[in-house]
>>> print(open('coords.cif').read())   # mmCIF, C-alpha atoms, pLDDT in the B column; chains and numbers go by the auth columns
data_final
loop_
_atom_site.group_PDB
_atom_site.id
_atom_site.type_symbol
_atom_site.label_atom_id
_atom_site.label_comp_id
_atom_site.label_asym_id
_atom_site.label_seq_id
_atom_site.Cartn_x
_atom_site.Cartn_y
_atom_site.Cartn_z
_atom_site.B_iso_or_equiv
_atom_site.auth_seq_id
_atom_site.auth_asym_id
ATOM 1 C CA SER A 1 -115.298 48.825 200.113 56.00 86 A
ATOM 2 C CA PRO A 2 -117.678 51.126 198.192 53.00 87 A
ATOM 3 C CA VAL A 3 -116.702 52.319 194.709 54.00 88 A
ATOM 4 C CA ALA A 4 -117.651 55.457 192.793 54.00 89 A
ATOM 5 C CA ASP A 5 -121.067 54.176 191.668 56.00 90 A
ATOM 6 C CA GLY A 6 -121.973 53.061 195.213 55.00 91 A
ATOM 7 C CA SER A 7 -121.577 49.327 194.559 63.00 92 A
ATOM 8 C CA GLN A 8 -119.277 47.132 196.610 77.00 93 A
ATOM 9 C CA ALA A 9 -115.823 46.221 195.325 88.00 94 A
ATOM 10 C CA GLU A 10 -115.064 42.511 195.619 95.00 95 A
ATOM 11 C CA GLU A 11 -111.685 40.798 195.784 97.00 96 A
ATOM 12 C CA LEU A 12 -111.549 39.326 192.287 97.00 97 A
ATOM 13 C CA SER A 13 -108.104 37.720 192.700 97.00 98 A
ATOM 14 C CA SER A 14 -108.709 35.656 195.848 97.00 99 A
ATOM 15 C CA ILE A 15 -107.828 31.981 195.680 96.00 100 A
ATOM 16 C CA LEU A 16 -111.158 31.415 197.477 97.00 101 A
ATOM 17 C CA ARG A 17 -112.907 32.888 194.450 96.00 102 A
ATOM 18 C CA GLY A 18 -110.903 30.819 191.951 97.00 103 A
ATOM 19 C CA GLY A 19 -107.945 33.158 191.424 97.00 104 A
ATOM 20 C CA ARG A 20 -104.803 31.276 190.444 95.00 105 A
ATOM 21 C CA ILE A 21 -101.220 31.698 189.346 95.00 106 A
ATOM 22 C CA LEU A 22 -100.694 30.871 185.661 94.00 107 A
ATOM 23 C CA GLY A 23 -96.966 31.562 185.427 92.00 108 A
ATOM 24 C CA TYR A 24 -93.962 33.436 186.788 92.00 109 A
ATOM 25 C CA ASN A 25 -90.344 33.946 185.845 89.00 110 A
ATOM 26 C CA ASP A 26 -88.861 33.149 189.255 80.00 111 A
ATOM 27 C CA SER A 27 -89.936 31.746 192.584 77.00 112 A
ATOM 28 C CA HIS A 28 -86.659 31.126 194.356 70.00 113 A
ATOM 29 C CA TYR A 29 -88.252 30.989 197.811 77.00 114 A
ATOM 30 C CA GLY A 30 -91.660 29.589 198.679 75.00 115 A
ATOM 31 C CA ASN A 31 -94.892 28.995 196.806 87.00 116 A
ATOM 32 C CA PRO A 32 -96.173 31.987 194.783 92.00 117 A
ATOM 33 C CA GLU A 33 -99.825 30.840 195.156 94.00 118 A
ATOM 34 C CA VAL A 34 -99.855 32.195 198.718 93.00 119 A
ATOM 35 C CA ILE A 35 -99.965 35.802 197.481 94.00 120 A
ATOM 36 C CA LEU A 36 -103.627 35.150 196.620 97.00 121 A
ATOM 37 C CA TYR A 37 -104.535 33.859 200.099 96.00 122 A
ATOM 38 C CA PRO A 38 -107.157 35.900 201.982 93.00 123 A
ATOM 39 C CA ASP A 39 -105.184 36.241 205.215 92.00 124 A
ATOM 40 C CA LYS A 40 -102.156 38.297 206.170 90.00 125 A
ATOM 41 C CA GLY A 41 -98.736 36.742 205.531 89.00 126 A
ATOM 42 C CA LEU A 42 -97.190 35.130 208.622 89.00 127 A
ATOM 43 C CA ASP A 43 -93.520 35.706 207.746 89.00 128 A
ATOM 44 C CA MET A 44 -91.164 36.026 204.754 86.00 129 A
ATOM 45 C CA GLY A 45 -91.714 32.365 203.897 87.00 130 A
ATOM 46 C CA ASP A 46 -95.421 33.113 203.401 88.00 131 A
ATOM 47 C CA GLY A 47 -95.134 35.152 200.197 91.00 132 A
ATOM 48 C CA TRP A 48 -93.616 35.303 196.703 90.00 133 A
ATOM 49 C CA GLU A 49 -89.900 36.024 196.788 88.00 134 A
ATOM 50 C CA THR A 50 -87.502 36.000 193.862 88.00 135 A
ATOM 51 C CA ARG A 51 -83.739 35.569 193.842 81.00 136 A
ATOM 52 C CA ARG A 52 -81.420 38.572 193.677 80.00 137 A
ATOM 53 C CA ARG A 53 -81.291 39.743 190.092 73.00 138 A
ATOM 54 C CA ARG A 54 -77.758 39.936 188.672 72.00 139 A
ATOM 55 C CA GLU A 55 -78.819 40.836 185.141 75.00 140 A
ATOM 56 C CA PRO A 56 -80.997 43.660 183.759 75.00 141 A
ATOM 57 C CA GLY A 57 -84.764 43.282 183.852 78.00 142 A
ATOM 58 C CA PHE A 58 -87.499 42.587 186.355 91.00 143 A
ATOM 59 C CA ASP A 59 -89.573 39.747 187.786 92.00 144 A
ATOM 60 C CA TRP A 60 -93.239 39.029 187.042 94.00 145 A
ATOM 61 C CA ILE A 61 -96.126 36.765 187.926 96.00 146 A
ATOM 62 C CA ILE A 62 -99.300 36.101 185.909 96.00 147 A
ATOM 63 C CA VAL A 63 -102.586 35.856 187.820 97.00 148 A
ATOM 64 C CA ALA A 64 -105.932 34.632 186.475 95.00 149 A
ATOM 65 C CA LEU A 65 -108.696 36.416 188.348 97.00 150 A
ATOM 66 C CA GLY A 66 -111.363 34.246 189.926 96.00 151 A
ATOM 67 C CA GLN A 67 -113.908 36.480 188.237 95.00 152 A
ATOM 68 C CA THR A 68 -113.605 38.917 185.337 95.00 153 A
ATOM 69 C CA GLY A 69 -114.067 42.527 186.373 95.00 154 A
ATOM 70 C CA THR A 70 -113.105 46.160 186.223 94.00 155 A
ATOM 71 C CA LEU A 71 -110.443 46.971 188.810 95.00 156 A
ATOM 72 C CA ASP A 72 -110.993 49.710 191.380 93.00 157 A
ATOM 73 C CA ARG A 73 -108.169 49.060 193.852 95.00 158 A
ATOM 74 C CA ILE A 74 -104.974 47.055 194.095 96.00 159 A
ATOM 75 C CA LEU A 75 -103.370 46.121 197.406 97.00 160 A
ATOM 76 C CA VAL A 76 -99.690 45.117 197.386 97.00 161 A
ATOM 77 C CA ASP A 77 -98.499 43.974 200.802 97.00 162 A
ATOM 78 C CA THR A 78 -94.749 43.794 201.475 97.00 163 A
ATOM 79 C CA ALA A 79 -95.301 42.614 205.079 96.00 164 A
ATOM 80 C CA HIS A 80 -92.149 41.072 206.574 95.00 165 A
ATOM 81 C CA TYR A 81 -89.996 42.089 203.584 92.00 166 A
ATOM 82 C CA LYS A 82 -87.705 44.693 205.091 93.00 167 A
ATOM 83 C CA GLY A 83 -84.396 44.391 203.223 87.00 168 A
ATOM 84 C CA ASN A 84 -85.647 42.577 200.168 90.00 169 A
ATOM 85 C CA PHE A 85 -88.796 44.360 199.031 94.00 170 A
ATOM 86 C CA PRO A 86 -89.092 45.442 195.364 95.00 171 A
ATOM 87 C CA ALA A 87 -88.284 49.069 194.521 95.00 172 A
ATOM 88 C CA SER A 88 -91.464 49.373 192.451 97.00 173 A
ATOM 89 C CA CYS A 89 -94.342 47.494 190.872 97.00 174 A
ATOM 90 C CA SER A 90 -96.517 47.829 187.792 97.00 175 A
ATOM 91 C CA MET A 91 -99.329 45.801 186.247 97.00 176 A
ATOM 92 C CA ASN A 92 -100.556 44.855 182.793 97.00 177 A
ATOM 93 C CA GLY A 93 -103.703 42.938 181.936 96.00 178 A
ATOM 94 C CA ARG A 94 -106.350 41.997 179.458 95.00 179 A
ATOM 95 C CA LEU A 95 -109.636 40.261 178.986 95.00 180 A
ATOM 96 C CA LEU A 96 -109.176 36.729 177.676 91.00 181 A
ATOM 97 C CA THR A 97 -112.053 35.513 175.535 85.00 182 A
ATOM 98 C CA GLY A 98 -113.092 32.072 174.327 81.00 183 A
ATOM 99 C CA SER A 99 -110.656 32.279 171.419 81.00 184 A
ATOM 100 C CA ASP A 100 -107.798 32.748 173.923 85.00 185 A
ATOM 101 C CA ILE A 101 -108.304 29.407 175.709 78.00 186 A
ATOM 102 C CA ALA A 102 -105.173 27.997 174.036 82.00 187 A
ATOM 103 C CA LEU A 103 -103.142 30.716 175.799 82.00 188 A
ATOM 104 C CA MET A 104 -104.370 29.581 179.212 79.00 189 A
ATOM 105 C CA ASN A 105 -103.046 26.076 178.554 82.00 190 A
ATOM 106 C CA ASN A 106 -99.692 27.098 177.080 88.00 191 A
ATOM 107 C CA PRO A 107 -97.400 28.864 179.588 87.00 192 A
ATOM 108 C CA ASP A 108 -94.856 29.872 176.926 90.00 193 A
ATOM 109 C CA ALA A 109 -97.518 31.449 174.695 92.00 194 A
ATOM 110 C CA LEU A 110 -99.086 33.191 177.703 93.00 195 A
ATOM 111 C CA LYS A 111 -95.689 34.581 178.780 92.00 196 A
ATOM 112 C CA ALA A 112 -95.036 35.891 175.251 93.00 197 A
ATOM 113 C CA ASP A 113 -98.527 37.372 174.931 94.00 198 A
ATOM 114 C CA SER A 114 -98.328 39.081 178.356 95.00 199 A
ATOM 115 C CA GLN A 115 -95.446 41.261 177.159 94.00 200 A
ATOM 116 C CA PHE A 116 -97.944 43.143 174.977 95.00 201 A
ATOM 117 C CA TRP A 117 -100.866 43.500 177.382 96.00 202 A
ATOM 118 C CA PRO A 118 -102.089 47.042 178.049 96.00 203 A
ATOM 119 C CA GLU A 119 -100.762 48.771 181.137 96.00 204 A
ATOM 120 C CA ILE A 120 -103.206 48.886 184.035 95.00 205 A
ATOM 121 C CA LEU A 121 -100.948 50.371 186.708 96.00 206 A
ATOM 122 C CA PRO A 122 -97.857 52.400 185.770 96.00 207 A
ATOM 123 C CA ALA A 123 -94.719 51.942 187.887 96.00 208 A
ATOM 124 C CA GLN A 124 -95.386 52.757 191.554 97.00 209 A
ATOM 125 C CA PRO A 125 -92.788 52.877 194.348 97.00 210 A
ATOM 126 C CA LEU A 126 -92.943 50.269 197.102 97.00 211 A
ATOM 127 C CA SER A 127 -91.532 50.380 200.627 97.00 212 A
ATOM 128 C CA ALA A 128 -90.584 47.848 203.279 96.00 213 A
ATOM 129 C CA ASP A 129 -93.089 45.965 205.407 96.00 214 A
ATOM 130 C CA ALA A 130 -96.171 47.972 204.354 97.00 215 A
ATOM 131 C CA GLU A 131 -99.558 47.745 202.657 97.00 216 A
ATOM 132 C CA HIS A 132 -99.673 49.790 199.442 97.00 217 A
ATOM 133 C CA ASN A 133 -103.099 50.734 198.080 97.00 218 A
ATOM 134 C CA PHE A 134 -103.444 51.918 194.512 96.00 219 A
ATOM 135 C CA GLU A 135 -106.830 53.366 193.539 93.00 220 A
ATOM 136 C CA GLY A 136 -108.707 53.514 190.248 79.00 221 A
ATOM 137 C CA ASP A 137 -107.576 57.058 189.421 84.00 222 A
ATOM 138 C CA GLN A 138 -103.998 55.715 189.194 86.00 223 A
ATOM 139 C CA PHE A 139 -105.035 53.078 186.624 86.00 224 A
ATOM 140 C CA SER A 140 -105.142 53.228 182.860 84.00 225 A
ATOM 141 C CA GLY A 141 -108.785 52.698 181.899 76.00 226 A
ATOM 142 C CA ILE A 142 -108.680 49.444 179.956 81.00 227 A
ATOM 143 C CA GLY A 143 -112.041 48.070 181.098 89.00 228 A
ATOM 144 C CA PRO A 144 -112.709 44.527 182.311 95.00 229 A
ATOM 145 C CA VAL A 145 -109.778 42.124 182.755 96.00 230 A
ATOM 146 C CA SER A 146 -109.582 38.413 183.471 96.00 231 A
ATOM 147 C CA VAL A 147 -105.804 38.042 183.712 96.00 232 A
ATOM 148 C CA VAL A 148 -102.975 40.322 184.890 97.00 233 A
ATOM 149 C CA ARG A 149 -99.196 40.337 184.873 97.00 234 A
ATOM 150 C CA PHE A 150 -97.839 41.867 188.078 97.00 235 A
ATOM 151 C CA ASN A 151 -94.266 43.149 187.684 97.00 236 A
ATOM 152 C CA ILE A 152 -91.722 43.877 190.414 96.00 237 A
ATOM 153 C CA VAL A 153 -88.532 45.861 189.787 94.00 238 A
ATOM 154 C CA PRO A 154 -85.859 44.704 190.075 90.00 239 A
ATOM 155 C CA ASP A 155 -86.628 41.699 192.343 86.00 240 A
ATOM 156 C CA GLY A 156 -87.661 40.975 195.932 89.00 241 A
ATOM 157 C CA GLY A 157 -90.697 39.723 197.759 91.00 242 A
ATOM 158 C CA ILE A 158 -94.342 40.497 198.381 95.00 243 A
ATOM 159 C CA SER A 159 -96.597 38.921 200.959 96.00 244 A
ATOM 160 C CA ARG A 160 -100.023 39.394 199.328 97.00 245 A
ATOM 161 C CA LEU A 161 -101.563 40.775 196.138 98.00 246 A
ATOM 162 C CA LYS A 162 -105.272 41.621 196.221 98.00 247 A
ATOM 163 C CA LEU A 163 -107.181 42.976 193.252 97.00 248 A
ATOM 164 C CA PHE A 164 -110.549 44.561 194.040 96.00 249 A
ATOM 165 C CA GLY A 165 -113.203 45.549 191.555 95.00 250 A
ATOM 166 C CA ARG A 166 -116.653 45.138 190.131 94.00 251 A
ATOM 167 C CA PRO A 167 -117.389 41.738 188.576 95.00 252 A
ATOM 168 C CA THR A 168 -118.715 41.672 185.025 92.00 253 A
ATOM 169 C CA ALA A 169 -121.065 39.083 183.607 72.00 254 A
#
>>> encode(input="coords.cif", output="structure tokens")
Amino acid sequence: SPVADGSQAEELSSILRGGRILGYNDSHYGNPEVILYPDKGLDMGDGWETRRRREPGFDWIIVALGQTGTLDRILVDTAHYKGNFPASCSMNGRLLTGSDIALMNNPDALKADSQFWPEILPAQPLSADAEHNFEGDQFSGIGPVSVVRFNIVPDGGISRLKLFGRPTA
């Protein structure tokens, strides 16, 4: 899809492009990697679903983009999640540099560090069984990112997460 400067936005998070899951706080049902698949989810078992939260807080998943870039659009698909979709989502992220390689190999350090990443997408409401598109004007302008933490409140399931943008060198 074209972006403001006329260039094409690419799906930077796709597993086909090298996107991968680096960590998450809960994956009660299924394999969270599938949220990065290029297709549409087949059913509730083909997504990331967390257990019902009984304590305060929220659930999160950390995604390494297949290619560093500036985000233009985020697609959150709650397909097939009708009674157990999250109430809202938000996203934080940052650009990891060569000096941050140790973070990538240490899930505990990455989890701790992600709590302080700049906000990319402030809390947005989600609804059942729908594709939600969030555009660049809804984002905080933090520039290029290579890793994001996607947050769902309070819990629930999503079928796919697709992050579109312009790759940077």
>>> resolve_selection(input="coords.cif", expression="the PyMOL selection byres ((chain A and resi 173) around 6)", output="tab-separated table (two decimals) with C-alpha atoms, in the coordinates of the input")
chain	number	residue	atom	x	y	z
A	171	PRO	CA	-89.09	45.44	195.36
A	172	ALA	CA	-88.28	49.07	194.52
A	174	CYS	CA	-94.34	47.49	190.87
A	209	GLN	CA	-95.39	52.76	191.55
A	210	PRO	CA	-92.79	52.88	194.35
A	211	LEU	CA	-92.94	50.27	197.10
A	237	ILE	CA	-91.72	43.88	190.41
A	238	VAL	CA	-88.53	45.86	189.79
>>> residues_around(input="coords.cif", residues="Ala215 in chain A", least_positions_apart="2", cutoff="7 Å", atoms="only C-alpha atoms", output="list in words")
Asp162, Thr163, Ala164, Ser212, Ala213 and His217 of chain A
>>> resolve_selection(input="coords.cif", expression="the PyMOL selection byres ((chain A and resi 251) around 8)", output="list of chain:residue names")
A:Ser92, A:Gln93, A:Ala94, A:Glu95, A:Gly154, A:Thr155, A:Leu156, A:Asp157, A:Phe249, A:Gly250, A:Pro252, A:Thr253
>>> residues_near_point(input="coords.cif", point="(-109.3, 53.3, 178.1)", cutoff="12 Å", atoms="all atoms listed in the file", output="PyMOL selection string")
chain A and resi 155+179+203-205+224-229
>>> resolve_selection(input="coords.cif", expression="the PyMOL selection byres ((chain A and resi 200) around 12)", output="list of chain:residue names")
A:Trp145, A:Ile146, A:Ile147, A:Met176, A:Asn177, A:Gly178, A:Arg179, A:Asp193, A:Ala194, A:Leu195, A:Lys196, A:Ala197, A:Asp198, A:Ser199, A:Phe201, A:Trp202, A:Pro203, A:Glu204, A:Val233, A:Arg234, A:Phe235, A:Asn236
>>> residues_around(input="coords.cif", residues="Tyr122 in chain A", least_positions_apart="4", cutoff="9 Å", atoms="all atoms listed in the file", output="number ranges by chain")
A: 99-101, 118, 126, 245-247
>>> atom_distance(input="coords.cif", atom1="CA of Gly104 in chain A", atom2="CA of Ser231 in chain A")
9.7 Å
>>> atom_distance(input="coords.cif", atom1="CA of Gly183 in chain A", atom2="CA of Gly103 in chain A")
17.8 Å
>>> atom_distance(input="coords.cif", atom1="CA of Arg102 in chain A", atom2="CA of Val230 in chain A")
15.2 Å
>>> axis_aligned_box(input="coords.cif", around="range 185-202 of chain A", padding_each_side="6 Å", output="AutoDock Vina command-line options")
--center_x -101.6 --center_y 34.8 --center_z 176.8 --size_x 25.4 --size_y 29.4 --size_z 17.7
>>> closest_residue(input="coords.cif", among="A:Ala187, A:Ile120, A:Leu248, A:Ile243", to="Phe170 in chain A", atoms="all atoms listed in the file")
A:Ile243
>>> residues_around(input="coords.cif", residues="Met189 in chain A", least_positions_apart="5", cutoff="10 Å", atoms="all atoms listed in the file", output="PyMOL selection string")
chain A and resi 107-108+149+181+194-195+232
>>> closest_residue(input="coords.cif", among="A:Leu160, A:Ile106, A:Leu206, A:Val148", to="Ser244 in chain A", atoms="all atoms listed in the file")
A:Leu160
>>> residues_around(input="coords.cif", residues="Glu134 in chain A", least_positions_apart="6", cutoff="8 Å", atoms="all atoms listed in the file", output="PyMOL selection string")
chain A and resi 112-115+117+240-243
>>> closest_residue(input="coords.cif", among="A:Pro141, A:Ser184, A:Ile159, A:Asn169", to="Glu216 in chain A", atoms="only C-alpha atoms")
A:Ile159
>>> decode(input="coords.cif", residues="range 156-178 of chain A", atoms="N, CA, C and O atoms", output="PDB file, in the first residue's frame")
ATOM      1  N   LEU A 156       7.441   2.564  10.819  1.00  0.00           N
ATOM      2  CA  LEU A 156       6.097   2.010  10.656  1.00  0.00           C
ATOM      3  C   LEU A 156       5.117   3.036  10.099  1.00  0.00           C
ATOM      4  O   LEU A 156       5.140   4.204  10.477  1.00  0.00           O
ATOM      5  N   ASP A 157       4.264   2.556   9.187  1.00  0.00           N
ATOM      6  CA  ASP A 157       3.215   3.373   8.595  1.00  0.00           C
ATOM      7  C   ASP A 157       1.821   2.852   8.929  1.00  0.00           C
ATOM      8  O   ASP A 157       0.854   3.598   8.915  1.00  0.00           O
ATOM      9  N   ARG A 158       1.728   1.527   9.180  1.00  0.00           N
ATOM     10  CA  ARG A 158       0.413   0.933   9.436  1.00  0.00           C
ATOM     11  C   ARG A 158       0.599  -0.343  10.245  1.00  0.00           C
ATOM     12  O   ARG A 158       1.560  -1.073  10.047  1.00  0.00           O
ATOM     13  N   ILE A 159      -0.330  -0.560  11.142  1.00  0.00           N
ATOM     14  CA  ILE A 159      -0.366  -1.787  11.941  1.00  0.00           C
ATOM     15  C   ILE A 159      -1.725  -2.428  11.727  1.00  0.00           C
ATOM     16  O   ILE A 159      -2.753  -1.757  11.820  1.00  0.00           O
ATOM     17  N   LEU A 160      -1.716  -3.733  11.444  1.00  0.00           N
ATOM     18  CA  LEU A 160      -2.954  -4.492  11.314  1.00  0.00           C
ATOM     19  C   LEU A 160      -3.013  -5.497  12.468  1.00  0.00           C
ATOM     20  O   LEU A 160      -2.087  -6.283  12.642  1.00  0.00           O
ATOM     21  N   VAL A 161      -4.079  -5.421  13.248  1.00  0.00           N
ATOM     22  CA  VAL A 161      -4.329  -6.382  14.330  1.00  0.00           C
ATOM     23  C   VAL A 161      -5.613  -7.098  13.954  1.00  0.00           C
ATOM     24  O   VAL A 161      -6.668  -6.476  13.848  1.00  0.00           O
ATOM     25  N   ASP A 162      -5.512  -8.402  13.739  1.00  0.00           N
ATOM     26  CA  ASP A 162      -6.664  -9.193  13.314  1.00  0.00           C
ATOM     27  C   ASP A 162      -7.135 -10.064  14.477  1.00  0.00           C
ATOM     28  O   ASP A 162      -6.374 -10.882  14.989  1.00  0.00           O
ATOM     29  N   THR A 163      -8.379  -9.887  14.883  1.00  0.00           N
ATOM     30  CA  THR A 163      -8.974 -10.705  15.946  1.00  0.00           C
ATOM     31  C   THR A 163      -9.911 -11.761  15.348  1.00  0.00           C
ATOM     32  O   THR A 163     -10.834 -12.231  16.018  1.00  0.00           O
ATOM     33  N   ALA A 164      -9.671 -12.139  14.091  1.00  0.00           N
ATOM     34  CA  ALA A 164     -10.512 -13.137  13.417  1.00  0.00           C
ATOM     35  C   ALA A 164     -10.701 -14.367  14.296  1.00  0.00           C
ATOM     36  O   ALA A 164      -9.741 -14.878  14.877  1.00  0.00           O
ATOM     37  N   HIS A 165     -11.935 -14.806  14.396  1.00  0.00           N
ATOM     38  CA  HIS A 165     -12.358 -16.001  15.132  1.00  0.00           C
ATOM     39  C   HIS A 165     -12.424 -15.807  16.646  1.00  0.00           C
ATOM     40  O   HIS A 165     -12.913 -16.681  17.339  1.00  0.00           O
ATOM     41  N   TYR A 166     -11.905 -14.698  17.152  1.00  0.00           N
ATOM     42  CA  TYR A 166     -11.982 -14.431  18.595  1.00  0.00           C
ATOM     43  C   TYR A 166     -13.216 -13.567  18.845  1.00  0.00           C
ATOM     44  O   TYR A 166     -13.199 -12.367  18.604  1.00  0.00           O
ATOM     45  N   LYS A 167     -14.276 -14.214  19.287  1.00  0.00           N
ATOM     46  CA  LYS A 167     -15.551 -13.521  19.458  1.00  0.00           C
ATOM     47  C   LYS A 167     -15.859 -13.216  20.913  1.00  0.00           C
ATOM     48  O   LYS A 167     -16.342 -12.139  21.225  1.00  0.00           O
ATOM     49  N   GLY A 168     -15.582 -14.132  21.829  1.00  0.00           N
ATOM     50  CA  GLY A 168     -15.847 -13.894  23.240  1.00  0.00           C
ATOM     51  C   GLY A 168     -14.579 -13.697  24.035  1.00  0.00           C
ATOM     52  O   GLY A 168     -14.626 -13.448  25.227  1.00  0.00           O
ATOM     53  N   ASN A 169     -13.447 -13.812  23.383  1.00  0.00           N
ATOM     54  CA  ASN A 169     -12.183 -13.744  24.101  1.00  0.00           C
ATOM     55  C   ASN A 169     -11.146 -12.880  23.380  1.00  0.00           C
ATOM     56  O   ASN A 169      -9.962 -13.181  23.375  1.00  0.00           O
ATOM     57  N   PHE A 170     -11.611 -11.794  22.793  1.00  0.00           N
ATOM     58  CA  PHE A 170     -10.707 -10.833  22.169  1.00  0.00           C
ATOM     59  C   PHE A 170     -10.260  -9.831  23.240  1.00  0.00           C
ATOM     60  O   PHE A 170     -10.985  -9.600  24.207  1.00  0.00           O
ATOM     61  N   PRO A 171      -9.075  -9.227  23.093  1.00  0.00           N
ATOM     62  CA  PRO A 171      -8.635  -8.216  24.056  1.00  0.00           C
ATOM     63  C   PRO A 171      -9.504  -6.961  23.955  1.00  0.00           C
ATOM     64  O   PRO A 171     -10.018  -6.636  22.889  1.00  0.00           O
ATOM     65  N   ALA A 172      -9.625  -6.241  25.067  1.00  0.00           N
ATOM     66  CA  ALA A 172     -10.375  -4.982  25.073  1.00  0.00           C
ATOM     67  C   ALA A 172      -9.619  -3.901  24.311  1.00  0.00           C
ATOM     68  O   ALA A 172     -10.219  -3.063  23.640  1.00  0.00           O
ATOM     69  N   SER A 173      -8.279  -3.922  24.410  1.00  0.00           N
ATOM     70  CA  SER A 173      -7.480  -2.914  23.719  1.00  0.00           C
ATOM     71  C   SER A 173      -6.066  -3.438  23.483  1.00  0.00           C
ATOM     72  O   SER A 173      -5.667  -4.465  24.035  1.00  0.00           O
ATOM     73  N   CYS A 174      -5.335  -2.684  22.664  1.00  0.00           N
ATOM     74  CA  CYS A 174      -3.936  -3.007  22.400  1.00  0.00           C
ATOM     75  C   CYS A 174      -3.129  -1.720  22.396  1.00  0.00           C
ATOM     76  O   CYS A 174      -3.668  -0.632  22.226  1.00  0.00           O
ATOM     77  N   SER A 175      -1.838  -1.860  22.587  1.00  0.00           N
ATOM     78  CA  SER A 175      -0.896  -0.752  22.454  1.00  0.00           C
ATOM     79  C   SER A 175       0.432  -1.352  22.005  1.00  0.00           C
ATOM     80  O   SER A 175       0.581  -2.579  21.979  1.00  0.00           O
ATOM     81  N   MET A 176       1.383  -0.494  21.646  1.00  0.00           N
ATOM     82  CA  MET A 176       2.669  -1.007  21.173  1.00  0.00           C
ATOM     83  C   MET A 176       3.790  -0.066  21.577  1.00  0.00           C
ATOM     84  O   MET A 176       3.640   1.153  21.529  1.00  0.00           O
ATOM     85  N   ASN A 177       4.908  -0.662  21.965  1.00  0.00           N
ATOM     86  CA  ASN A 177       6.137   0.051  22.258  1.00  0.00           C
ATOM     87  C   ASN A 177       7.213  -0.526  21.349  1.00  0.00           C
ATOM     88  O   ASN A 177       7.077  -1.650  20.879  1.00  0.00           O
ATOM     89  N   GLY A 178       8.289   0.226  21.133  1.00  0.00           N
ATOM     90  CA  GLY A 178       9.352  -0.316  20.297  1.00  0.00           C
ATOM     91  C   GLY A 178      10.596   0.520  20.351  1.00  0.00           C
ATOM     92  O   GLY A 178      10.608   1.612  20.917  1.00  0.00           O
TER      93      GLY A 178
END
